[in-house]
Amino acid sequence: MRKKIRWGIIGPGVIAHRFAAALRGVPDAELVAISARSAEKGKQFAAEFEVPLRFDHPEALAACTELDAVYVATPHPLHYTGALAALEAGKAVLCEKPITINAVQLRKLIEVARARRAFLMEAMWTRFLPVTRQVVQWLTDGEIGKRKMIYADFCFSCDFNPDSRLFAPELGGGALLDVGIYPLSYAQMLAGNPESVSGAVAFAPTGVDGCNALLLKFPDQTLALLSSAIQSQSSSPARICGTEGEIVIPDFWSAQSASVIRRGEKTAALHCEHPHRINGFEYEIEEVQLRLRNGELESPIMPLADSLKLQEIMDQLRADWGLHYPGE
């Protein structure tokens, strides 16, 4: 592959701005194209990040021969069409979480990616953070003995607005897909796929989940208590508890520090600090570029099988709650 990997972005929103800022600091990465439904927003984004090529729909960007990889940063319901267009054009795709609205859509993307031999990965940036990788290593090394419990939540409170993507069913609103996927993916990364999942929900006025609480049981008898919300505030910590101690990760989804606290002790036996080099998105970008240069079609840290299982779990939970999105 050429020295520089040339990126295009579909969707010029807030998260795309963070991604583009990180891309500037990643060696051998170059942002060359933006696709935006709003011509004005596309023009502003291109000016801010010095992007030479602008398109008004994903299909045109996907067809651009000047691209190696595409980052899909649109609202949830548009992930599928943007990713599909890029994959069909043979481009590598990094798609924001949740990678699709449901498992049916993701199975189709995987089918196309494999047929076109194109790279595909869900942009679960948390898995690639240096602190996350250290936490995984501590568990592998047995620093807290046998893992027994995982606690994680990602909750924030915002004012109710029926037109906001967070509350609108037609935009894939609700806590589960927007932030609940973080603790779910974290628990899966640590303990594998659960053998049972149950959940309770409190609905927002528009019928999407405003708050939810989940209980997962894993084959090795590990339990996970997870929660997410768009109508309840928390500091979003994670704790992994074992027979000999616990690992504490403040703001686990964007973690920059973690500690091991051993049984019977109050101070950290082990501690790590890894401030983001840029804003945290750089690590998933580097992962994609590494895999592309190695000729690989997916990441072993965020494999497609994991993403598909997460979609199936969220489908199951929404079905239990009677939460369906338009068009499903």
# chains A, B, ... in the order shown; residues from 1 in each chain; ligands from 1

call {"tool": "select_by_dssp", "arguments": {"residues": "segment 39-256 of chain A", "states": "helix (DSSP H, G or I)", "output": "PyMOL selection string"}}
result
chain A and resi 39-49+58-62+76-88+103-116+125-128+130-140+169-171+175-191+252-254

call {"tool": "select_by_dssp", "arguments": {"residues": "segment 196-309 of chain A", "states": "strand (DSSP E or B)", "output": "ChimeraX atom specification"}}
result
/A:196-203,209-217,223-229,231,238-242,245-249,257-262,270-273

call {"tool": "atom_distance", "arguments": {"atom1": "atom CA of Gly13 of chain A", "atom2": "atom CA of Leu94 of chain A"}}
result
15.7 Å

call {"tool": "residues_around", "arguments": {"residues": "Glu284 of chain A", "least_positions_apart": "3", "cutoff": "10 Å", "atoms": "only C-alpha atoms", "output": "PDB file with N, CA, C and O atoms, in the first residue's frame"}}
result
ATOM      1  N   PHE A  19     -12.478  13.204  14.783  1.00  0.00           N
ATOM      2  CA  PHE A  19     -11.731  12.236  13.995  1.00  0.00           C
ATOM      3  C   PHE A  19     -10.729  12.950  13.082  1.00  0.00           C
ATOM      4  O   PHE A  19      -9.563  12.554  12.990  1.00  0.00           O
ATOM      5  N   ALA A  22      -7.744  14.223  14.961  1.00  0.00           N
ATOM      6  CA  ALA A  22      -6.798  13.146  15.269  1.00  0.00           C
ATOM      7  C   ALA A  22      -6.025  12.728  14.028  1.00  0.00           C
ATOM      8  O   ALA A  22      -4.818  12.464  14.089  1.00  0.00           O
ATOM      9  N   LEU A  94     -14.202   2.245   8.179  1.00  0.00           N
ATOM     10  CA  LEU A  94     -14.266   2.371   9.631  1.00  0.00           C
ATOM     11  C   LEU A  94     -15.578   3.081   9.920  1.00  0.00           C
ATOM     12  O   LEU A  94     -15.765   4.231   9.522  1.00  0.00           O
ATOM     13  N   MET A 121     -14.495  -2.322   9.968  1.00  0.00           N
ATOM     14  CA  MET A 121     -14.355  -2.326  11.427  1.00  0.00           C
ATOM     15  C   MET A 121     -15.298  -1.318  12.047  1.00  0.00           C
ATOM     16  O   MET A 121     -15.521  -0.237  11.499  1.00  0.00           O
ATOM     17  N   GLU A 122     -15.864  -1.694  13.200  1.00  0.00           N
ATOM     18  CA  GLU A 122     -16.661  -0.763  13.990  1.00  0.00           C
ATOM     19  C   GLU A 122     -15.722   0.159  14.765  1.00  0.00           C
ATOM     20  O   GLU A 122     -14.734  -0.293  15.348  1.00  0.00           O
ATOM     21  N   ALA A 123     -16.047   1.432  14.795  1.00  0.00           N
ATOM     22  CA  ALA A 123     -15.174   2.427  15.427  1.00  0.00           C
ATOM     23  C   ALA A 123     -15.422   2.499  16.930  1.00  0.00           C
ATOM     24  O   ALA A 123     -15.868   3.519  17.462  1.00  0.00           O
ATOM     25  N   MET A 124     -15.124   1.421  17.622  1.00  0.00           N
ATOM     26  CA  MET A 124     -15.203   1.390  19.076  1.00  0.00           C
ATOM     27  C   MET A 124     -13.841   1.786  19.621  1.00  0.00           C
ATOM     28  O   MET A 124     -13.011   0.952  19.986  1.00  0.00           O
ATOM     29  N   TRP A 125     -13.604   3.094  19.645  1.00  0.00           N
ATOM     30  CA  TRP A 125     -12.267   3.618  19.933  1.00  0.00           C
ATOM     31  C   TRP A 125     -11.760   3.225  21.312  1.00  0.00           C
ATOM     32  O   TRP A 125     -10.546   3.124  21.522  1.00  0.00           O
ATOM     33  N   THR A 126     -12.673   2.960  22.263  1.00  0.00           N
ATOM     34  CA  THR A 126     -12.280   2.600  23.627  1.00  0.00           C
ATOM     35  C   THR A 126     -11.354   1.388  23.657  1.00  0.00           C
ATOM     36  O   THR A 126     -10.423   1.326  24.463  1.00  0.00           O
ATOM     37  N   ARG A 127     -11.598   0.420  22.795  1.00  0.00           N
ATOM     38  CA  ARG A 127     -10.805  -0.819  22.824  1.00  0.00           C
ATOM     39  C   ARG A 127      -9.334  -0.593  22.486  1.00  0.00           C
ATOM     40  O   ARG A 127      -8.489  -1.418  22.843  1.00  0.00           O
ATOM     41  N   PHE A 128      -9.031   0.503  21.802  1.00  0.00           N
ATOM     42  CA  PHE A 128      -7.674   0.713  21.313  1.00  0.00           C
ATOM     43  C   PHE A 128      -6.858   1.666  22.177  1.00  0.00           C
ATOM     44  O   PHE A 128      -5.675   1.871  21.926  1.00  0.00           O
ATOM     45  N   LEU A 129      -7.479   2.234  23.212  1.00  0.00           N
ATOM     46  CA  LEU A 129      -6.766   3.156  24.084  1.00  0.00           C
ATOM     47  C   LEU A 129      -5.663   2.420  24.845  1.00  0.00           C
ATOM     48  O   LEU A 129      -5.845   1.276  25.271  1.00  0.00           O
ATOM     49  N   GLY A 280      -7.593  10.757  21.465  1.00  0.00           N
ATOM     50  CA  GLY A 280      -7.998   9.375  21.680  1.00  0.00           C
ATOM     51  C   GLY A 280      -8.409   8.638  20.421  1.00  0.00           C
ATOM     52  O   GLY A 280      -8.367   7.411  20.374  1.00  0.00           O
ATOM     53  N   PHE A 281      -8.802   9.370  19.390  1.00  0.00           N
ATOM     54  CA  PHE A 281      -9.220   8.725  18.146  1.00  0.00           C
ATOM     55  C   PHE A 281      -8.022   8.240  17.342  1.00  0.00           C
ATOM     56  O   PHE A 281      -8.168   7.417  16.434  1.00  0.00           O
ATOM     57  N   GLU A 287      -4.758   1.647  14.198  1.00  0.00           N
ATOM     58  CA  GLU A 287      -5.114   0.237  14.062  1.00  0.00           C
ATOM     59  C   GLU A 287      -5.563  -0.080  12.647  1.00  0.00           C
ATOM     60  O   GLU A 287      -5.129  -1.070  12.044  1.00  0.00           O
ATOM     61  N   VAL A 288      -6.436   0.751  12.094  1.00  0.00           N
ATOM     62  CA  VAL A 288      -6.907   0.531  10.721  1.00  0.00           C
ATOM     63  C   VAL A 288      -5.730   0.559   9.754  1.00  0.00           C
ATOM     64  O   VAL A 288      -5.593  -0.324   8.891  1.00  0.00           O
ATOM     65  N   GLN A 289      -4.863   1.540   9.899  1.00  0.00           N
ATOM     66  CA  GLN A 289      -3.749   1.668   8.958  1.00  0.00           C
ATOM     67  C   GLN A 289      -2.774   0.495   9.087  1.00  0.00           C
ATOM     68  O   GLN A 289      -2.236   0.009   8.074  1.00  0.00           O
ATOM     69  N   LEU A 290      -2.570   0.013  10.305  1.00  0.00           N
ATOM     70  CA  LEU A 290      -1.720  -1.172  10.501  1.00  0.00           C
ATOM     71  C   LEU A 290      -2.303  -2.373   9.785  1.00  0.00           C
ATOM     72  O   LEU A 290      -1.589  -3.098   9.076  1.00  0.00           O
ATOM     73  N   SER A 299      -9.928  -6.300  12.268  1.00  0.00           N
ATOM     74  CA  SER A 299      -9.043  -6.138  13.412  1.00  0.00           C
ATOM     75  C   SER A 299      -9.287  -7.241  14.431  1.00  0.00           C
ATOM     76  O   SER A 299     -10.439  -7.517  14.778  1.00  0.00           O
ATOM     77  N   ILE A 301      -8.696  -6.921  17.498  1.00  0.00           N
ATOM     78  CA  ILE A 301      -9.110  -6.245  18.721  1.00  0.00           C
ATOM     79  C   ILE A 301     -10.595  -5.892  18.674  1.00  0.00           C
ATOM     80  O   ILE A 301     -11.290  -5.942  19.694  1.00  0.00           O
ATOM     81  N   MET A 302     -11.110  -5.556  17.506  1.00  0.00           N
ATOM     82  CA  MET A 302     -12.547  -5.302  17.319  1.00  0.00           C
ATOM     83  C   MET A 302     -13.014  -6.111  16.112  1.00  0.00           C
ATOM     84  O   MET A 302     -13.311  -5.570  15.052  1.00  0.00           O
TER      85      MET A 302
END

call {"tool": "residues_around", "arguments": {"residues": "segment 144-148 of chain A", "least_positions_apart": "5", "cutoff": "9 Å", "atoms": "only C-alpha atoms", "output": "ChimeraX atom specification"}}
result
/A:138-139,191,220-224,240-247,260-263

call {"tool": "residues_around", "arguments": {"residues": "Glu312 of chain A", "least_positions_apart": "4", "cutoff": "10 Å", "atoms": "only C-alpha atoms", "output": "VMD selection string"}}
result
chain A and resid 102 to 104 106 306 to 308 316 to 318

call {"tool": "write_last_selection", "arguments": {"atoms": "C-alpha atoms", "output": "PDB file, in the first residue's frame"}}
result
ATOM      1  CA  ASN A 102     -29.540  -4.008  13.734  1.00  0.00           C
ATOM      2  CA  ALA A 103     -27.885  -7.353  13.026  1.00  0.00           C
ATOM      3  CA  VAL A 104     -29.642  -7.801   9.663  1.00  0.00           C
ATOM      4  CA  LEU A 106     -24.495  -5.782   9.682  1.00  0.00           C
ATOM      5  CA  ASP A 306     -17.812  -9.212  18.189  1.00  0.00           C
ATOM      6  CA  SER A 307     -19.702  -6.409  16.452  1.00  0.00           C
ATOM      7  CA  LEU A 308     -22.310  -8.842  15.148  1.00  0.00           C
ATOM      8  CA  GLN A 316     -32.762  -8.909  21.693  1.00  0.00           C
ATOM      9  CA  LEU A 317     -32.972  -6.226  24.370  1.00  0.00           C
ATOM     10  CA  ARG A 318     -34.996  -3.882  22.171  1.00  0.00           C
TER      11      ARG A 318
END

call {"tool": "closest_atom_pairs", "arguments": {"of": "segment 227-309 of chain A", "to": "segment 206-212 of chain A", "cutoff": "6 Å", "atoms": "only C-alpha atoms", "output": "tab-separated table"}}
result
residue	atom	partner	partner_atom	distance
A:Ser227	CA	A:Asn212	CA	5.6
A:Ser228	CA	A:Asn212	CA	5.6
A:Ala229	CA	A:Cys211	CA	4.1
A:Ile230	CA	A:Gly210	CA	5.4
A:Gln231	CA	A:Gly210	CA	5.6

call {"tool": "write_last_selection", "arguments": {"atoms": "N, CA, C and O atoms", "output": "PDB file, in the first residue's frame"}}
result
ATOM      1  N   SER A 227     -25.064  -0.150  32.768  1.00  0.00           N
ATOM      2  CA  SER A 227     -26.179   0.780  32.595  1.00  0.00           C
ATOM      3  C   SER A 227     -25.796   1.882  31.624  1.00  0.00           C
ATOM      4  O   SER A 227     -24.611   2.181  31.425  1.00  0.00           O
ATOM      5  N   SER A 228     -26.810   2.481  31.031  1.00  0.00           N
ATOM      6  CA  SER A 228     -26.596   3.634  30.158  1.00  0.00           C
ATOM      7  C   SER A 228     -27.826   4.512  30.208  1.00  0.00           C
ATOM      8  O   SER A 228     -28.941   4.047  30.490  1.00  0.00           O
ATOM      9  N   ALA A 229     -27.628   5.793  29.938  1.00  0.00           N
ATOM     10  CA  ALA A 229     -28.746   6.729  30.034  1.00  0.00           C
ATOM     11  C   ALA A 229     -28.448   8.005  29.271  1.00  0.00           C
ATOM     12  O   ALA A 229     -27.286   8.408  29.124  1.00  0.00           O
ATOM     13  N   ILE A 230     -29.531   8.633  28.800  1.00  0.00           N
ATOM     14  CA  ILE A 230     -29.439   9.985  28.246  1.00  0.00           C
ATOM     15  C   ILE A 230     -30.265  10.939  29.106  1.00  0.00           C
ATOM     16  O   ILE A 230     -30.407  12.107  28.771  1.00  0.00           O
ATOM     17  N   GLN A 231     -30.792  10.416  30.222  1.00  0.00           N
ATOM     18  CA  GLN A 231     -31.591  11.228  31.141  1.00  0.00           C
ATOM     19  C   GLN A 231     -31.147  11.063  32.585  1.00  0.00           C
ATOM     20  O   GLN A 231     -31.901  11.311  33.508  1.00  0.00           O
TER      21      GLN A 231
END

call {"tool": "residues_around", "arguments": {"residues": "segment 55-65 of chain A", "least_positions_apart": "4", "cutoff": "10 Å", "atoms": "only C-alpha atoms", "output": "PyMOL selection string"}}
result
chain A and resi 8-11+33-39+42-43+69-70+72+78+81-91

call {"tool": "closest_residue", "arguments": {"among": "A:Pro303, A:Arg293, A:Asp251, A:Phe167", "to": "Lys4 of chain A", "atoms": "only C-alpha atoms"}}
result
A:Arg293

call {"tool": "atom_distance", "arguments": {"atom1": "atom CA of Leu216 of chain A", "atom2": "atom CA of Ala305 of chain A"}}
result
18.3 Å

call {"tool": "closest_residue", "arguments": {"among": "A:Ala255, A:Pro27, A:Ala73, A:Ile101", "to": "Glu170 of chain A", "atoms": "only C-alpha atoms"}}
result
A:Ile101

call {"tool": "atom_distance", "arguments": {"atom1": "atom CA of Leu176 of chain A", "atom2": "atom CA of Gln233 of chain A"}}
result
14.9 Å

call {"tool": "closest_residue", "arguments": {"among": "A:Ser157, A:Gln105, A:Gln137, A:Thr74", "to": "Ser234 of chain A", "atoms": "only C-alpha atoms"}}
result
A:Ser157

call {"tool": "closest_residue", "arguments": {"among": "A:Pro98, A:Pro75, A:Pro219, A:Pro130", "to": "Ser257 of chain A", "atoms": "only C-alpha atoms"}}
result
A:Pro130

call {"tool": "closest_residue", "arguments": {"among": "A:Ala202, A:Val32, A:Ile285, A:Leu270", "to": "Val93 of chain A", "atoms": "only C-alpha atoms"}}
result
A:Ile285

call {"tool": "closest_residue", "arguments": {"among": "A:Asp178, A:Glu143, A:Glu195, A:Asp315", "to": "Ser259 of chain A", "atoms": "only C-alpha atoms"}}
result
A:Glu143

call {"tool": "residues_around", "arguments": {"residues": "Ala21 of chain A", "least_positions_apart": "6", "cutoff": "9 Å", "atoms": "only C-alpha atoms", "output": "mmCIF file with N, CA, C and O atoms, in the first residue's frame"}}
result
data_model
loop_
_atom_site.group_PDB
_atom_site.id
_atom_site.type_symbol
_atom_site.label_atom_id
_atom_site.label_comp_id
_atom_site.auth_asym_id
_atom_site.auth_seq_id
_atom_site.Cartn_x
_atom_site.Cartn_y
_atom_site.Cartn_z
ATOM 1 N N PHE A 49 -10.368 21.868 7.785
ATOM 2 C CA PHE A 49 -9.379 20.792 7.774
ATOM 3 C C PHE A 49 -8.610 20.693 6.457
ATOM 4 O O PHE A 49 -7.901 19.714 6.222
ATOM 5 N N ILE A 278 -3.484 12.852 21.167
ATOM 6 C CA ILE A 278 -4.237 13.911 20.493
ATOM 7 C C ILE A 278 -5.594 14.035 21.170
ATOM 8 O O ILE A 278 -5.791 14.903 22.016
ATOM 9 N N ASN A 279 -6.524 13.158 20.822
ATOM 10 C CA ASN A 279 -7.834 13.168 21.490
ATOM 11 C C ASN A 279 -8.391 11.767 21.719
ATOM 12 O O ASN A 279 -9.537 11.618 22.117
ATOM 13 N N PHE A 281 -8.802 9.370 19.390
ATOM 14 C CA PHE A 281 -9.220 8.725 18.146
ATOM 15 C C PHE A 281 -8.022 8.240 17.342
ATOM 16 O O PHE A 281 -8.168 7.417 16.434
ATOM 17 N N GLU A 282 -6.839 8.733 17.682
ATOM 18 C CA GLU A 282 -5.650 8.377 16.919
ATOM 19 C C GLU A 282 -5.349 6.889 16.970
ATOM 20 O O GLU A 282 -4.817 6.317 16.012
#
